[in-house]
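Shown next: upload37.cif, given as mmCIF, C-alpha atoms.
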data_start
loop_
_atom_site.label_atom_id
_atom_site.label_comp_id
_atom_site.auth_asym_id
_atom_site.auth_seq_id
_atom_site.Cartn_x
_atom_site.Cartn_y
_atom_site.Cartn_z
CA MET A 531 -2.34 15.70 14.71
CA SER A 532 -6.12 15.94 15.17
CA LEU A 533 -8.39 14.33 12.58
CA ASN A 534 -12.16 14.56 12.24
CA LEU A 535 -13.55 11.02 12.23
CA SER A 536 -16.27 11.77 9.67
CA ASP A 537 -13.74 13.39 7.33
CA VAL A 538 -11.36 10.49 7.81
CA GLY A 539 -14.10 7.97 7.01
CA SER A 540 -15.01 9.86 3.84
CA SER A 541 -11.37 10.09 2.79
CA VAL A 542 -10.80 6.36 3.31
CA GLY A 543 -13.93 5.64 1.28
CA ILE A 544 -12.62 7.83 -1.53
CA LEU A 545 -9.28 5.96 -1.39
CA ILE A 546 -11.07 2.62 -1.77
CA LEU A 547 -13.31 3.83 -4.60
CA THR A 548 -10.45 5.53 -6.44
CA THR A 549 -8.23 2.47 -6.21
CA PHE A 550 -11.05 0.18 -7.35
CA PHE A 551 -11.80 2.51 -10.24
CA GLY A 552 -8.17 2.52 -11.39
CA LEU A 553 -7.96 -1.26 -11.08
CA ALA A 554 -11.25 -1.71 -12.95
CA VAL A 555 -10.13 0.50 -15.83
CA HIS A 556 -6.90 -1.45 -16.13
CA MET A 557 -8.57 -4.86 -15.90
CA PHE A 558 -11.70 -4.25 -17.97
CA VAL A 559 -10.37 -1.76 -20.53
CA PHE A 560 -6.62 -1.97 -21.05
CA CYS A 561 -6.11 -5.72 -20.58
CA PRO A 562 -8.94 -6.74 -22.96
CA LEU A 563 -7.72 -4.21 -25.54
CA ILE A 564 -4.19 -5.58 -25.38
CA LEU A 565 -5.50 -9.13 -25.60
CA ALA A 566 -7.76 -8.35 -28.57
CA LEU A 567 -5.44 -6.08 -30.54
CA LEU A 568 -2.08 -7.72 -29.87
CA GLY A 569 -2.98 -11.20 -28.68
CA ARG A 570 -5.71 -11.62 -31.32
CA ARG A 571 -7.96 -13.49 -28.91
CA ASN A 572 -11.57 -13.17 -27.81
CA PRO A 573 -11.37 -11.54 -24.34
CA PHE A 574 -14.67 -13.07 -23.17
CA THR A 575 -13.63 -16.63 -23.94
CA TYR A 576 -10.06 -16.19 -22.77
CA TYR A 577 -10.87 -14.56 -19.43
CA ARG A 578 -13.69 -17.00 -18.76
CA ASN A 579 -11.12 -19.77 -18.83
CA CYS A 580 -8.94 -17.68 -16.47
CA LEU A 581 -11.60 -17.23 -13.78
CA PRO A 582 -10.19 -19.98 -11.49
CA ALA A 583 -6.83 -18.17 -11.31
CA MET A 584 -8.48 -14.83 -10.59
CA LEU A 585 -10.68 -16.32 -7.88
CA THR A 586 -7.62 -17.95 -6.33
CA ALA A 587 -5.89 -14.56 -6.37
CA LEU A 588 -8.90 -12.98 -4.68
CA GLY A 589 -8.93 -15.61 -1.98
CA THR A 590 -5.20 -15.85 -1.28
CA SER A 591 -4.06 -12.28 -2.06
CA SER A 592 -0.87 -13.82 -3.45
CA SER A 593 0.37 -14.02 -7.03
CA ALA A 594 2.73 -16.82 -6.01
CA ALA A 595 -0.08 -18.92 -4.57
CA SER A 596 -2.13 -18.32 -7.73
CA LEU A 597 0.70 -19.28 -10.08
CA PRO A 598 -0.07 -23.04 -10.35
CA VAL A 599 -3.72 -22.27 -11.16
CA SER A 600 -2.65 -19.58 -13.65
CA MET A 601 -0.53 -22.16 -15.46
CA ILE A 602 -3.49 -24.53 -15.68
CA CYS A 603 -5.65 -21.73 -17.09
CA ALA A 604 -2.96 -20.79 -19.62
CA THR A 605 -2.78 -24.41 -20.76
CA LYS A 606 -6.56 -24.46 -21.15
CA ASN A 607 -6.23 -21.41 -23.39
CA GLY A 608 -3.68 -23.16 -25.60
CA ILE A 609 -0.53 -21.36 -24.44
CA PRO A 610 2.64 -23.36 -25.24
CA PRO A 611 4.25 -24.84 -22.10
CA HIS A 612 7.63 -23.15 -22.54
CA LEU A 613 6.02 -19.70 -22.78
CA ARG A 614 3.56 -20.43 -20.00
CA ASN A 615 6.29 -21.47 -17.58
CA PHE A 616 8.63 -18.57 -18.33
CA VAL A 617 6.22 -15.65 -18.72
CA LEU A 618 3.90 -16.48 -15.84
CA SER A 619 6.75 -17.23 -13.44
CA LEU A 620 8.43 -13.94 -14.33
CA GLY A 621 5.15 -12.04 -14.22
CA ALA A 622 4.31 -13.34 -10.76
CA THR A 623 7.42 -11.61 -9.42
CA ILE A 624 7.75 -8.35 -11.36
CA ASN A 625 4.49 -7.67 -13.20
CA MET A 626 2.55 -5.90 -10.43
CA ASP A 627 0.23 -3.53 -12.29
CA GLY A 628 -2.38 -3.54 -9.55
CA ALA A 629 0.19 -2.82 -6.86
CA GLY A 630 1.51 0.14 -8.86
CA ILE A 631 -1.97 1.70 -9.04
CA TYR A 632 -2.59 1.04 -5.36
CA LEU A 633 0.71 2.52 -4.17
CA ILE A 634 0.17 5.75 -6.10
CA CYS A 635 -3.39 6.16 -4.80
CA ALA A 636 -2.36 5.40 -1.22
CA THR A 637 0.56 7.83 -1.33
CA TYR A 638 -1.62 10.68 -2.57
CA PHE A 639 -4.24 9.79 0.05
CA LEU A 640 -1.74 10.00 2.91
CA ALA A 641 -0.47 13.32 1.58
CA ALA A 642 -3.95 14.80 1.17
CA ILE A 643 -5.20 13.71 4.59
CA GLN A 644 -2.27 15.57 6.16
CA GLY A 645 -3.02 18.72 4.20
CA ILE A 646 -0.17 18.26 1.71
CA ARG A 647 -0.85 18.96 -1.96
CA PRO A 648 1.88 17.33 -4.07
CA GLY A 649 3.19 19.46 -6.94
CA PHE A 650 3.61 18.31 -10.51
CA SER A 651 7.21 17.17 -10.08
CA GLN A 652 6.32 15.37 -6.86
CA MET A 653 3.43 13.57 -8.58
CA ILE A 654 5.79 12.44 -11.34
CA LEU A 655 8.17 11.12 -8.68
CA ILE A 656 5.32 9.33 -6.90
CA GLY A 657 4.29 7.70 -10.17
CA LEU A 658 7.81 6.56 -10.99
CA LEU A 659 8.48 5.26 -7.49
CA GLY A 660 5.13 3.49 -7.39
CA THR A 661 5.85 1.77 -10.68
CA VAL A 662 9.41 0.74 -9.82
CA SER A 663 8.53 -0.28 -6.26
CA SER A 664 5.67 -2.48 -7.43
CA MET A 665 8.13 -4.45 -9.57
CA GLY A 666 10.15 -5.26 -6.47
CA ALA A 667 7.21 -6.18 -4.27
CA ALA A 668 7.11 -9.79 -3.12
CA PRO A 669 4.13 -11.81 -4.43
CA ILE A 670 2.74 -12.25 -0.90
CA PRO A 671 -0.09 -10.51 0.98
CA SER A 672 0.47 -6.88 2.10
CA ALA A 673 4.04 -6.73 0.75
CA GLY A 674 3.30 -3.34 -0.79
CA LEU A 675 3.02 -1.65 2.61
CA VAL A 676 6.79 -1.77 2.99
CA PHE A 677 7.28 0.03 -0.31
CA LEU A 678 4.53 2.51 0.53
CA ALA A 679 6.56 3.61 3.55
CA THR A 680 9.61 3.93 1.30
CA ILE A 681 7.74 6.12 -1.18
CA LEU A 682 6.49 8.37 1.62
CA SER A 683 10.03 8.90 2.88
CA ALA A 684 11.38 9.56 -0.63
CA THR A 685 8.70 12.17 -1.36
CA ASN A 686 8.96 13.93 2.03
CA ILE A 687 5.45 12.95 3.11
CA PRO A 688 5.37 12.35 6.90
CA LEU A 689 5.06 8.74 7.97
CA ASN A 690 2.88 8.87 11.09
CA GLY A 691 -0.30 7.46 12.56
CA THR A 692 -2.28 8.10 9.39
CA PHE A 693 -0.40 5.19 7.85
CA GLY A 694 -2.62 2.94 9.96
CA LEU A 695 -5.63 4.03 7.91
CA VAL A 696 -4.12 2.38 4.85
CA VAL A 697 -3.15 -0.71 6.84
CA ALA A 698 -6.77 -1.02 7.99
CA VAL A 699 -8.12 -1.32 4.44
CA ASP A 700 -5.09 -3.01 2.86
CA TRP A 701 -6.64 -6.46 3.20
CA ILE A 702 -9.38 -5.70 0.69
CA LEU A 703 -7.35 -3.47 -1.64
CA ASP A 704 -4.49 -5.95 -1.79
CA ARG A 705 -6.85 -8.72 -2.88
CA ALA A 706 -8.21 -6.60 -5.71
CA CYS A 707 -4.66 -5.69 -6.74
CA THR A 708 -3.67 -9.35 -6.85
CA VAL A 709 -6.59 -10.16 -9.14
CA VAL A 710 -5.44 -7.43 -11.53
CA ASN A 711 -1.85 -8.66 -11.34
CA VAL A 712 -2.88 -12.20 -12.27
CA CYS A 713 -5.18 -10.95 -15.03
CA SER A 714 -2.32 -8.90 -16.45
CA ASP A 715 0.07 -11.86 -16.32
CA LEU A 716 -2.38 -14.02 -18.26
CA THR A 717 -2.93 -11.22 -20.77
CA ILE A 718 0.79 -10.82 -21.39
CA VAL A 719 1.44 -14.53 -21.86
CA ALA A 720 -1.23 -14.68 -24.57
CA THR A 721 0.22 -11.58 -26.24
CA VAL A 722 3.75 -13.00 -26.21
CA ALA A 723 2.46 -16.30 -27.61
CA LYS A 724 0.93 -14.41 -30.55
CA LEU A 725 3.70 -11.90 -31.23
CA VAL A 726 6.61 -14.28 -30.68
CA PRO A 727 5.19 -17.71 -31.50
CA ASP A 728 8.61 -19.37 -31.68
CA ALA A 729 10.02 -17.79 -28.51
CA GLY A 730 11.79 -20.35 -26.44
CA SER A 731 11.17 -23.13 -28.95
CA ALA A 732 14.89 -23.90 -28.87
CA LEU A 733 14.71 -24.61 -25.15
CA SER A 734 14.30 -28.20 -24.18
CA THR A 735 11.53 -29.06 -21.74
CA ASP A 736 12.92 -32.47 -20.80
CA GLY A 737 16.46 -31.54 -19.75
CA GLU A 738 18.14 -32.06 -23.13
CA ASN A 739 20.78 -29.69 -24.42
CA PRO A 740 19.19 -26.59 -26.07
CA LYS A 741 19.86 -26.17 -29.78
CA GLY A 742 22.91 -24.17 -30.61
CA VAL A 743 24.13 -23.93 -27.02
CA ASP A 744 27.51 -25.35 -26.10
CA VAL A 745 27.99 -26.86 -22.67
#
As structure tokens - that is how I would like this structure written.
Amino acid sequence: MSLNLSDVGSSVGILILTTFFGLAVHMFVFCPLILALLGRRNPFTYYRNCLPAMLTALGTSSSAASLPVSMICATKNGIPPHLRNFVLSLGATINMDGAGIYLICATYFLAAIQGIRPGFSQMILIGLLGTVSSMGAAPIPSAGLVFLATILSATNIPLNGTFGLVVAVDWILDRACTVVNVCSDLTIVATVAKLVPDAGSALSTDGENPKGVDV
């Protein structure tokens, strides 16, 4: 398959800009709205306290590596320990909003660069697979590439040398995705703390028998 280098460069640039735009909308529009409307918190103050976790995510490209810092930031924001430990630990493994956006953009990019225009039903399938696959992605750098190959196979998009174009820019896109993932985790833990203030209060934090549970 012959590709024009200038066209390829432009297409890769569009992939990066499109992914960044989607991530920015999610991080700067949807997350603050959820935090303000459901969490009843000031987004500016809350996210300012969360900056260390987001910077750690940017530097490590790993939700797992950012988890200890995220817990410190949640504590600084007044999140109860039992909610902080449960929600953030769960979110670091399955709440991959940024990865979902990235996988969908990358799949469409690889289809378009090969002259394939996905139909409506195929786009729905790409969206569903991107969402579900992101939940199963490991919280480590570049884990989404494995699921990207799976989505391509499931949607009948050829997996060939063009895949290397995504691999070449994955290092920067994956870092941005991780920042969004961590931001989303911290947003959700504040929302849960507001909506379900007594969640997990029956669980003991020092190894004692939980209330109402027979052993």
For A:Thr680, which residue among A:Gly660, A:Ala554, A:Tyr632, A:Ser540 is the nearest when counting only C-alpha atoms?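 Once distances to A:Thr680 are computed over only C-alpha atoms, the minimum belongs to A:Gly660.
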Go ahead and fit an axis-aligned box to every listed atom of stretch 569-583 of chain A plus 4 Å each side, and pass me the centre and edge lengths in Å, one decimal, as AutoDock Vina command-line options.
--center_x -8.8 --center_y -15.6 --center_z -21.3 --size_x 19.7 --size_y 16.8 --size_z 28.0
Nearest residue to A:Leu640 out of A:Ile687, A:Val676, A:Ala720, A:Val617, using all atoms listed in the file? A:Ile687
Could you write out as a PyMOL selection string the residues that the PyMOL selection byres ((chain A and resi 596-604) around 8) matches in the shown file? chain A and resi 579-580+582-584+586-587+590+592-595+605-609+614-615+618-619+622+712+716+719
Computed interatomic separation between atom CA of A:Ile646 and atom CA of A:Asn686 (Å): 10.1 Å
Grab the atom CA of A:Cys713 to atom CA of A:Thr661 distance for me, in Å with one decimal place. 17.4 Å
Proximity to A:Trp701 - best of A:Val555, A:Ile631, A:Ile670, A:Leu568, only C-alpha atoms: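 Of A:Val555, A:Ile631, A:Ile670, A:Leu568, the one nearest A:Trp701 is A:Ile670, counting only C-alpha atoms.
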